[in-house]
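Engineer: Next up is a structure, given as structure tokens.
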Amino acid sequence: MKITCINGSARNNGSCAYLIDSFISGVANRDVKIAKYCVGDADLHFCKGCKKCYIDGNCVLNDDVQKIIKDIISSDIVVIASPSYWADVPGQLKVLFDRTTPYGDTNPNRVLLAQNRIKGIAIAVRAGVREQENELILNAIEHYYGHMGIDTVKRISITETDNLTDLLDRHKDEIKQIEELGMALSQSQS
């Protein structure tokens, strides 16, 4: 079994990173291979919009996208946790979404395809109290999953979290839920 986790934040030590680590800690099975990325640490270049990927299924740019996408499409489970930047996913995560156009179902010439259906988990974290804004983020992740052949099995919204201290103080139940989700999904895939 393989799990790919993507921290959609520019920071690798904040709330999204903590939630991904909580999911991973729930995965008790040592036979699980885990790939973990933080978009803020990845080498991601903006899509040029050249559409050459529609000719041969390959992107003209050479960066971390190819490695990340290979992990995504060979996974059984994909987890994306995203903070809210103006009620949307951060630019770095959007760049990753844009750059995987060569591998999505809108590209008739894509060369990399998932061999099996993949389960996806979408997590949104924001400082404010309005759930509606997290829904936009969760919808963006789910939309991405749909084009990548990933079935969303869980959407988790966490509000009133401006920093890691807020998460730890206010959302113990959600953290536990995410850890238990990692345990349940890893056991169901064994």
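Convention: chains lettered A, B, ... in structure tokens order; per-chain residue numbering from 1; ligands numbered from 1 as shown.
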When DSSP is applied to the backbone of this structure, which of chain A are assigned alpha helix (DSSP H)? Write them out as a PyMOL selection string.

Structural biologist: chain A and resi 15-26+53-56+65-73+91-99+131-148+164-170+172-189

Engineer: Based on the backbone DSSP call, show me all residues of range 25-86 of chain A assigned strand (DSSP E), as a PyMOL selection string.

Structural biologist: chain A and resi 33-38+77-83

Engineer: Pick the closest to Leu136 in chain A from A:Gln187, A:Asn116, A:Thr152, A:Ser82: which is it, counting only C-alpha atoms?

Structural biologist: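 For Leu136 in chain A, the nearest of the given residues is A:Ser82.
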
Engineer: Find the residues around Leu168 in chain A up to 12 Å (only C-alpha atoms counted), leave out those fewer than 3 positions away in its own chain, and share them as a ChimeraX atom specification.

Structural biologist: /A:14-16,18-19,22,158,160-165,171-176

Engineer: Suppose we keep C-alpha atoms; can you now write the selection as a PDB file, in the first residue's frame?

Structural biologist:
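This is the output file result_11.pdb:
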ATOM      1  CA  GLY A  14       2.351  24.693  10.496  1.00  0.00           C
ATOM      2  CA  SER A  15      -1.169  23.354  10.962  1.00  0.00           C
ATOM      3  CA  CYS A  16      -1.400  21.541   7.624  1.00  0.00           C
ATOM      4  CA  TYR A  18       0.751  18.768  11.693  1.00  0.00           C
ATOM      5  CA  LEU A  19      -2.506  17.346  10.348  1.00  0.00           C
ATOM      6  CA  SER A  22      -1.322  13.095  12.473  1.00  0.00           C
ATOM      7  CA  ILE A 158     -11.138  23.173  10.363  1.00  0.00           C
ATOM      8  CA  GLU A 160     -10.589  29.279  13.805  1.00  0.00           C
ATOM      9  CA  THR A 161      -6.994  28.153  13.314  1.00  0.00           C
ATOM     10  CA  ASP A 162      -4.547  30.952  12.661  1.00  0.00           C
ATOM     11  CA  ASN A 163      -1.509  29.014  13.835  1.00  0.00           C
ATOM     12  CA  LEU A 164      -0.381  25.677  15.203  1.00  0.00           C
ATOM     13  CA  THR A 165      -1.185  26.686  18.785  1.00  0.00           C
ATOM     14  CA  HIS A 171      -9.148  21.049  17.600  1.00  0.00           C
ATOM     15  CA  LYS A 172      -8.087  17.999  19.570  1.00  0.00           C
ATOM     16  CA  ASP A 173     -11.154  16.092  18.327  1.00  0.00           C
ATOM     17  CA  GLU A 174     -10.397  16.826  14.664  1.00  0.00           C
ATOM     18  CA  ILE A 175      -6.740  15.854  15.103  1.00  0.00           C
ATOM     19  CA  LYS A 176      -7.842  12.575  16.669  1.00  0.00           C
TER      20      LYS A 176
END

Engineer: Which residues are near Pro108 in chain A? Cut-off 10 Å, only C-alpha atoms, ignore same chain within fewer than 4 positions. Put them as a CSV table (one decimal) with all heavy atoms, in the first residue's frame.

Structural biologist:
chain,number,residue,atom,x,y,z
A,53,CYS,N,1.7,19.6,-23.9
A,53,CYS,CA,1.3,18.3,-23.2
A,53,CYS,C,0.1,17.6,-23.9
A,53,CYS,O,-0.1,16.4,-23.8
A,53,CYS,CB,1.1,18.5,-21.7
A,53,CYS,SG,-0.3,19.6,-21.3
A,54,TYR,N,-0.7,18.4,-24.6
A,54,TYR,CA,-1.8,17.8,-25.3
A,54,TYR,C,-1.4,17.1,-26.6
A,54,TYR,O,-2.1,16.4,-27.2
A,54,TYR,CB,-2.8,18.9,-25.6
A,54,TYR,CG,-3.7,19.2,-24.4
A,54,TYR,CD1,-3.3,20.2,-23.5
A,54,TYR,CD2,-4.9,18.5,-24.2
A,54,TYR,CE1,-4.1,20.5,-22.4
A,54,TYR,CE2,-5.7,18.8,-23.1
A,54,TYR,CZ,-5.3,19.8,-22.2
A,54,TYR,OH,-6.1,20.1,-21.1
A,55,ILE,N,-0.1,17.3,-27.0
A,55,ILE,CA,0.4,16.6,-28.2
A,55,ILE,C,1.0,15.3,-27.8
A,55,ILE,O,0.7,14.3,-28.4
A,55,ILE,CB,1.5,17.5,-28.9
A,55,ILE,CG1,0.8,18.8,-29.4
A,55,ILE,CG2,2.2,16.8,-30.0
A,55,ILE,CD1,1.8,19.9,-29.8
A,56,ASP,N,1.9,15.3,-26.7
A,56,ASP,CA,2.6,14.0,-26.4
A,56,ASP,C,2.4,13.6,-25.0
A,56,ASP,O,3.0,12.6,-24.5
A,56,ASP,CB,4.0,14.1,-26.8
A,56,ASP,CG,4.8,15.1,-26.0
A,56,ASP,OD1,4.2,15.7,-25.0
A,56,ASP,OD2,6.0,15.3,-26.2
A,57,GLY,N,1.6,14.3,-24.2
A,57,GLY,CA,1.4,13.9,-22.8
A,57,GLY,C,2.5,14.2,-21.8
A,57,GLY,O,2.4,13.8,-20.7
A,102,PRO,N,-0.9,17.7,-17.8
A,102,PRO,CA,-0.5,16.6,-18.7
A,102,PRO,C,-1.0,15.2,-18.3
A,102,PRO,O,-1.1,14.3,-19.1
A,102,PRO,CB,1.0,16.6,-18.7
A,102,PRO,CG,1.4,18.0,-18.3
A,102,PRO,CD,0.3,18.4,-17.4
A,103,TYR,N,-1.4,15.1,-17.0
A,103,TYR,CA,-1.7,13.8,-16.5
A,103,TYR,C,-3.2,13.6,-16.1
A,103,TYR,O,-3.6,12.6,-15.6
A,103,TYR,CB,-0.9,13.5,-15.2
A,103,TYR,CG,0.6,13.9,-15.5
A,103,TYR,CD1,1.1,15.1,-14.9
A,103,TYR,CD2,1.4,13.2,-16.4
A,103,TYR,CE1,2.4,15.5,-15.2
A,103,TYR,CE2,2.7,13.7,-16.7
A,103,TYR,CZ,3.2,14.8,-16.0
A,103,TYR,OH,4.4,15.2,-16.3
A,104,GLY,N,-4.0,14.7,-16.3
A,104,GLY,CA,-5.4,14.7,-16.0
A,104,GLY,C,-6.3,14.1,-17.1
A,104,GLY,O,-5.8,14.0,-18.2

Engineer: Name the residues in contact with Asp88 in chain A at a cut-off of 9 Å, using only C-alpha atoms, excluding same-chain residues fewer than 5 positions from it; report them as a list in words.

Structural biologist: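 Contacts, in chain order: Ser82, Pro83, Glu133, Asn134, Leu136, Ile137, Leu138 and Ala140 of chain A.
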
Engineer: Please produce, as JSON lines, a per-residue contact table for range 1-105 of chain A versus range 119-128 of chain A (criterion: any atom at most 6 Å away, only C-alpha atoms considered), showing the nearest atom pair and its distance in Å to one decimal, sorted by chain then residue number.

Structural biologist:
{"residue": "A:Ile77", "atom": "CA", "partner": "A:Lys119", "partner_atom": "CA", "distance": 4.7}
{"residue": "A:Val78", "atom": "CA", "partner": "A:Gly120", "partner_atom": "CA", "distance": 4.8}
{"residue": "A:Val79", "atom": "CA", "partner": "A:Ile121", "partner_atom": "CA", "distance": 4.7}
{"residue": "A:Ile80", "atom": "CA", "partner": "A:Ala122", "partner_atom": "CA", "distance": 5.3}
{"residue": "A:Ala81", "atom": "CA", "partner": "A:Ile123", "partner_atom": "CA", "distance": 4.4}
{"residue": "A:Ser82", "atom": "CA", "partner": "A:Ala124", "partner_atom": "CA", "distance": 5.0}
{"residue": "A:Pro83", "atom": "CA", "partner": "A:Val125", "partner_atom": "CA", "distance": 4.6}
{"residue": "A:Ser84", "atom": "CA", "partner": "A:Arg126", "partner_atom": "CA", "distance": 5.0}

Engineer: Please measure the separation of CA of Leu167 in chain A and CA of Ala42 in chain A, giving the value in Å to one decimal.

Structural biologist: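 Value for the CA of Leu167 in chain A-CA of Ala42 in chain A distance: 24.5 Å.
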
Engineer: Looking at A:Leu113, A:Ile6, A:Leu181, A:Cys59, which one is nearest to Ala35 in chain A, with distances taken over only C-alpha atoms?

Structural biologist: A:Ile6

Engineer: I'd like to know which of A:Asp151, A:Asp105, A:Glu180, A:Asp98 is closest to Lys48 in chain A, using only C-alpha atoms.

Structural biologist: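 Going through A:Asp151, A:Asp105, A:Glu180, A:Asp98 one by one, the smallest distance to Lys48 in chain A is for A:Asp98.
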
Engineer: Could you tell me how far CA of Gln92 in chain A sits from CA of Gln115 in chain A, in Å to one decimal place?

Structural biologist: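 If I compute the distance from CA of Gln115 in chain A to CA of Gln92 in chain A, I get 27.2 Å.
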
Engineer: What does the structure give for the distance between CA of Tyr85 in chain A and CA of Ser157 in chain A, in Å to one decimal?

Structural biologist: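 Computing it gives 14.4 Å between the two atoms.
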